[in-house]
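Trainee: This one is final-v1.cif, mmCIF, C-alpha atoms.
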data_final
#
loop_
_atom_site.label_atom_id
_atom_site.label_comp_id
_atom_site.auth_asym_id
_atom_site.auth_seq_id
_atom_site.Cartn_x
_atom_site.Cartn_y
_atom_site.Cartn_z
CA MET L 81 0.00 0.00 0.00
CA LYS L 82 1.59 3.25 -1.14
CA ASP L 83 -1.26 5.71 -0.55
CA PHE L 84 -2.96 5.87 2.84
CA VAL L 85 -3.61 7.99 5.92
CA ALA L 86 -2.23 7.09 9.34
CA ILE L 87 -4.52 8.34 12.08
CA ASP L 88 -4.36 8.45 15.85
CA PHE L 89 -6.80 9.71 18.48
CA GLU L 90 -6.34 10.48 22.15
CA THR L 91 -9.39 10.46 24.42
CA ALA L 92 -10.29 12.52 27.47
CA ASN L 93 -12.09 9.76 29.34
CA SER L 94 -13.36 6.20 28.94
CA GLU L 95 -16.01 7.25 26.40
CA ARG L 96 -14.75 6.54 22.89
CA SER L 97 -16.50 9.69 21.65
CA SER L 98 -14.31 11.84 23.92
CA VAL L 99 -11.57 12.41 21.34
CA CYS L 100 -9.46 15.32 22.55
CA SER L 101 -6.74 15.28 19.90
CA VAL L 102 -6.15 13.83 16.47
CA GLY L 103 -3.03 13.29 14.40
CA VAL L 104 -3.19 12.53 10.69
CA VAL L 105 -0.28 11.68 8.38
CA ILE L 106 -0.95 11.47 4.64
CA VAL L 107 1.26 9.09 2.68
CA ARG L 108 1.30 9.15 -1.11
CA ASP L 109 3.50 7.04 -3.34
CA GLY L 110 5.15 5.58 -0.23
CA ARG L 111 6.28 8.96 1.16
CA ILE L 112 4.88 11.23 3.84
CA GLU L 113 3.28 14.11 1.97
CA ASP L 114 1.37 16.04 4.62
CA SER L 115 0.24 15.97 8.23
CA PHE L 116 -2.42 17.51 10.41
CA TYR L 117 -2.82 17.85 14.17
CA SER L 118 -5.54 19.41 16.26
CA LEU L 119 -6.81 19.52 19.77
CA ILE L 120 -10.55 18.83 20.01
CA ARG L 121 -13.07 19.80 22.68
CA PRO L 122 -14.20 16.33 23.77
CA GLU L 123 -17.75 14.99 23.98
CA PRO L 124 -18.46 14.40 26.81
CA ASN L 125 -16.25 17.25 27.99
CA TYR L 126 -14.46 15.93 31.07
CA TYR L 127 -11.09 14.29 31.68
CA ASN L 128 -10.30 11.35 33.89
CA SER L 129 -6.93 11.24 35.61
CA TRP L 130 -5.81 8.04 33.86
CA CYS L 131 -6.19 9.52 30.37
CA THR L 132 -4.49 12.75 31.42
CA GLN L 133 -1.64 10.71 32.88
CA VAL L 134 -1.21 8.91 29.53
CA HIS L 135 -1.21 11.90 27.16
CA GLY L 136 -0.85 14.91 29.43
CA LEU L 137 -3.88 16.80 28.12
CA THR L 138 -6.39 18.45 30.44
CA GLN L 139 -9.65 20.30 30.05
CA ALA L 140 -7.72 23.58 30.18
CA ASP L 141 -5.91 22.48 27.00
CA THR L 142 -9.10 21.84 25.03
CA ASP L 143 -11.66 24.29 26.43
CA GLY L 144 -10.88 26.69 23.58
CA ALA L 145 -10.57 23.97 20.93
CA TYR L 146 -13.07 23.31 18.16
CA ILE L 147 -15.59 20.50 18.45
CA PHE L 148 -15.08 17.40 16.33
CA PRO L 149 -17.32 18.28 13.34
CA ILE L 150 -15.36 21.49 12.72
CA VAL L 151 -12.01 19.70 12.98
CA TRP L 152 -13.22 16.88 10.73
CA GLU L 153 -14.22 19.41 8.05
CA GLN L 154 -10.51 20.25 7.82
CA ILE L 155 -9.41 16.61 7.76
CA GLU L 156 -11.98 15.20 5.36
CA PRO L 157 -10.60 16.75 2.14
CA LEU L 158 -7.06 15.64 3.08
CA ILE L 159 -8.05 11.98 3.42
CA GLU L 160 -10.65 11.67 0.68
CA GLY L 161 -10.45 8.35 -1.13
CA LEU L 162 -7.58 7.03 0.99
CA PRO L 163 -7.67 4.03 3.33
CA LEU L 164 -7.00 4.73 7.01
CA VAL L 165 -4.31 2.97 9.02
CA ALA L 166 -4.01 2.86 12.80
CA HIS L 167 -1.93 0.95 15.30
CA ASN L 168 -4.68 -1.00 17.09
CA LYS L 169 -7.42 0.03 14.70
CA ALA L 170 -10.02 -1.40 17.08
CA PHE L 171 -9.48 1.64 19.31
CA ASP L 172 -9.11 4.40 16.70
CA GLU L 173 -11.88 3.13 14.43
CA SER L 174 -14.25 2.81 17.39
CA CYS L 175 -13.38 6.36 18.47
CA LEU L 176 -14.12 7.69 14.99
CA LYS L 177 -17.44 5.85 14.78
CA ALA L 178 -18.43 6.92 18.32
CA VAL L 179 -17.73 10.60 17.74
CA PHE L 180 -19.61 10.51 14.43
CA ARG L 181 -22.58 9.02 16.37
CA ALA L 182 -22.25 11.57 19.18
CA TYR L 183 -22.64 14.41 16.68
CA GLN L 184 -25.22 12.55 14.58
CA LEU L 185 -23.01 12.59 11.50
CA ASP L 186 -23.26 10.00 8.72
CA TYR L 187 -20.24 7.70 8.99
CA PRO L 188 -18.78 7.09 5.51
CA ASN L 189 -17.49 3.53 6.23
CA TYR L 190 -13.80 4.30 5.99
CA GLU L 191 -11.54 1.43 5.00
CA PHE L 192 -9.30 0.74 8.04
CA HIS L 193 -6.08 -1.29 8.28
CA CYS L 194 -4.23 -2.22 11.45
CA THR L 195 -0.44 -2.06 11.85
CA TYR L 196 -0.72 -3.81 15.23
CA GLN L 197 -2.28 -6.90 13.64
CA VAL L 198 0.24 -6.88 10.79
CA ALA L 199 3.14 -6.49 13.22
CA ARG L 200 1.93 -9.51 15.23
CA ARG L 201 1.88 -11.61 12.06
CA VAL L 202 5.21 -10.34 10.74
CA PHE L 203 7.24 -10.23 13.95
CA GLY L 204 5.44 -12.74 16.17
CA SER L 205 7.52 -13.66 19.20
CA LYS L 206 10.63 -11.91 17.83
CA LEU L 207 9.53 -8.78 19.73
CA PRO L 208 8.84 -8.54 23.48
CA ASN L 209 5.49 -6.86 22.64
CA HIS L 210 3.76 -5.25 19.69
CA GLN L 211 3.21 -1.83 21.20
CA LEU L 212 3.58 1.17 18.91
CA HIS L 213 7.00 2.27 20.17
CA THR L 214 8.41 -1.28 20.04
CA VAL L 215 7.22 -1.97 16.50
CA ALA L 216 8.26 1.49 15.29
CA ALA L 217 11.79 0.91 16.64
CA GLN L 218 11.92 -2.48 14.89
CA CYS L 219 10.98 -0.68 11.66
CA GLY L 220 13.75 1.89 12.13
CA TYR L 221 11.70 4.75 13.59
CA GLN L 222 12.44 6.15 17.05
CA LEU L 223 9.13 7.38 18.45
CA GLN L 224 9.53 10.57 20.46
CA ASN L 225 6.65 12.07 22.43
CA HIS L 226 4.61 8.84 22.61
CA HIS L 227 0.85 9.46 23.12
CA HIS L 228 0.94 12.75 21.26
CA ALA L 229 -1.56 12.04 18.47
CA LEU L 230 0.64 13.37 15.65
CA ALA L 231 3.79 11.62 16.89
CA ASP L 232 1.87 8.34 17.15
CA ALA L 233 0.36 8.82 13.67
CA GLU L 234 3.85 9.41 12.26
CA ALA L 235 5.12 6.22 13.91
CA CYS L 236 2.13 4.33 12.53
CA ALA L 237 2.80 5.71 9.05
CA TRP L 238 6.42 4.59 9.27
CA ILE L 239 5.35 1.09 10.33
CA ALA L 240 2.76 0.93 7.53
CA MET L 241 5.32 2.06 4.93
CA SER L 242 7.60 -0.74 6.15
CA LEU L 243 5.07 -3.57 6.53
CA LEU L 244 2.04 -2.97 4.30
#
Written as structure tokens, how would this file's structure read?
Mentor:
Amino acid sequence: MKDFVAIDFETANSERSSVCSVGVVIVRDGRIEDSFYSLIRPEPNYYNSWCTQVHGLTQADTDGAYIFPIVWEQIEPLIEGLPLVAHNKAFDESCLKAVFRAYQLDYPNYEFHCTYQVARRVFGSKLPNHQLHTVAAQCGYQLQNHHHALADAEACAWIAMSLL
């Protein structure tokens, strides 16, 4: 796969619709062409301490941010016609579907691929785990700023360029 979009969401709480940041990396012809990052005012708009501990974002960071539909209007033309790739697509795809439902938007049935699943097949027990930073390092990419949505999307793109 030479043309795709790597995507990563961070959430504010245990509700999958509570996306509070998104990172998008557009790959065309096997090269990173563009990227997009935005904070998002989550729905529902509260943070639990566990999520904040993971990504460092708080309600103060996103109180002035746009809601998801406005952010997605910026993303949609960038990703049109491209398959989406995520590391553990079960999480990111469910977040995208949940936030579309929360705002009563029609979900366009994006094609999703999972670098986590591919990494498990390719590397198996050769790696101690198949977490994003471990697989990225195996593919030659040193992930800095793990759990920042854009940094994680870049790592996912690198893995996808290597394995898909």
Trainee: Could you pull the residues within 12 Å of Ile150 (chain L), counting only C-alpha atoms, minus those fewer than 3 positions along the same chain, as a PDB file with C-alpha atoms, keeping the file's coordinate frame?
Mentor:
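What landed in part27.pdb:
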ATOM      1  CA  SER L 118      -5.540  19.410  16.260  1.00  0.00           C
ATOM      2  CA  LEU L 119      -6.810  19.520  19.770  1.00  0.00           C
ATOM      3  CA  ILE L 120     -10.550  18.830  20.010  1.00  0.00           C
ATOM      4  CA  ARG L 121     -13.070  19.800  22.680  1.00  0.00           C
ATOM      5  CA  ALA L 145     -10.570  23.970  20.930  1.00  0.00           C
ATOM      6  CA  TYR L 146     -13.070  23.310  18.160  1.00  0.00           C
ATOM      7  CA  ILE L 147     -15.590  20.500  18.450  1.00  0.00           C
ATOM      8  CA  GLU L 153     -14.220  19.410   8.050  1.00  0.00           C
ATOM      9  CA  GLN L 154     -10.510  20.250   7.820  1.00  0.00           C
ATOM     10  CA  ILE L 155      -9.410  16.610   7.760  1.00  0.00           C
ATOM     11  CA  GLU L 156     -11.980  15.200   5.360  1.00  0.00           C
ATOM     12  CA  PHE L 180     -19.610  10.510  14.430  1.00  0.00           C
ATOM     13  CA  TYR L 183     -22.640  14.410  16.680  1.00  0.00           C
ATOM     14  CA  LEU L 185     -23.010  12.590  11.500  1.00  0.00           C
TER      15      LEU L 185
END
Trainee: Between L:Glu95, L:Asn125, L:Tyr196, L:His227, which has the minimum distance to Gly144 (chain L) (counting all atoms listed in the file)?
Mentor: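 Ranked by minimum distance to Gly144 (chain L), first place goes to L:Asn125.
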Trainee: As an exercise, work out the distance from CA of Arg108 (chain L) to CA of Val165 (chain L) in Å and give it to one decimal place.
Mentor: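 One can read the CA of Arg108 (chain L) to CA of Val165 (chain L) distance as 13.1 Å.
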Trainee: Quick one: residues within 6 Å of Tyr117 (chain L), only C-alpha atoms, excluding same-chain residues fewer than 5 positions away - as a list of chain:residue names?
Mentor: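 Once the nearby chain positions are removed, what remains is L:Val102, L:Gly103, L:Leu230.
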Trainee: Which residues are close to Ile106 (chain L), i.e. within 10 Å by all atoms listed in the file, leaving aside same-chain residues fewer than 5 positions away? Reply as a ChimeraX atom specification.
Mentor: /L:83-87,111-116,158-159,162,164,233-234,237
Trainee: Provide the CA of His213 (chain L) to CA of Phe148 (chain L) distance in Å, to one decimal place.
Mentor: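 Atom-to-atom, CA of His213 (chain L) to CA of Phe148 (chain L), that is 27.0 Å.
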Trainee: What does the structure give for the distance between CA of Lys177 (chain L) and CA of Gly110 (chain L), in Å to one decimal?
Mentor: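 Separation between CA of Lys177 (chain L) and CA of Gly110 (chain L): 27.1 Å.
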Trainee: Convert the output of the PyMOL selection byres ((chain L and resi 198) around 12) on the shown file into explicit residues, formatted as a list in words.
Mentor: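 This file gives the following for the PyMOL selection byres ((chain L and resi 198) around 12): Val165, Ala166, His167, Asn168, Lys169, His193, Cys194, Thr195, Tyr196, Gln197, Ala199, Arg200, Arg201, Val202, Phe203, Gly204, His210, Gln211, Leu212, Val215, Cys236, Ile239, Ala240, Met241, Ser242, Leu243 and Leu244 of chain L.
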Trainee: Which one of L:Ala229, L:Ala217, L:Met81, L:Ala178 sits closest to Cys100 (chain L) if you count all atoms listed in the file?
Mentor: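 For Cys100 (chain L), the nearest of the given residues is L:Ala229.
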Trainee: So which one's closest to Thr142 (chain L), L:Gln224, L:Ser101, L:Thr214, L:Asn128? Using all atoms listed in the file, please.
Mentor: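 Going through L:Gln224, L:Ser101, L:Thr214, L:Asn128 one by one, the smallest distance to Thr142 (chain L) is for L:Ser101.
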Trainee: Of the residues L:Ala231, L:Asp88, L:Trp238, L:Arg96, which is the one nearest to Gln218 (chain L), using only C-alpha atoms?
Mentor: L:Trp238
Trainee: Excluding same-chain residues fewer than 3 positions from Tyr126 (chain L), what lies within 8 Å of it counting all atoms listed in the file, as a PyMOL selection string?
Mentor: chain L and resi 92-93+122-123+139
Trainee: Let me know the residues the PyMOL selection byres ((chain L and resi 135) around 10) catches in the file above, as number ranges by chain.
Mentor: L: 90-92, 101, 130-134, 136-138, 225-229
Trainee: Counting all atoms listed in the file, which residue out of L:Gln184, L:Asn189, L:Pro149, L:Val99 sits closest to Tyr127 (chain L)?
Mentor: L:Val99
Trainee: Check the smallest atom-to-atom distance from each of L:Tyr187, L:Gln222, L:Asp232, L:Asp109 to Cys175 (chain L) using all atoms listed in the file, then report the winner.
Mentor: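 Of L:Tyr187, L:Gln222, L:Asp232, L:Asp109, the one nearest Cys175 (chain L) is L:Tyr187, counting all atoms listed in the file.
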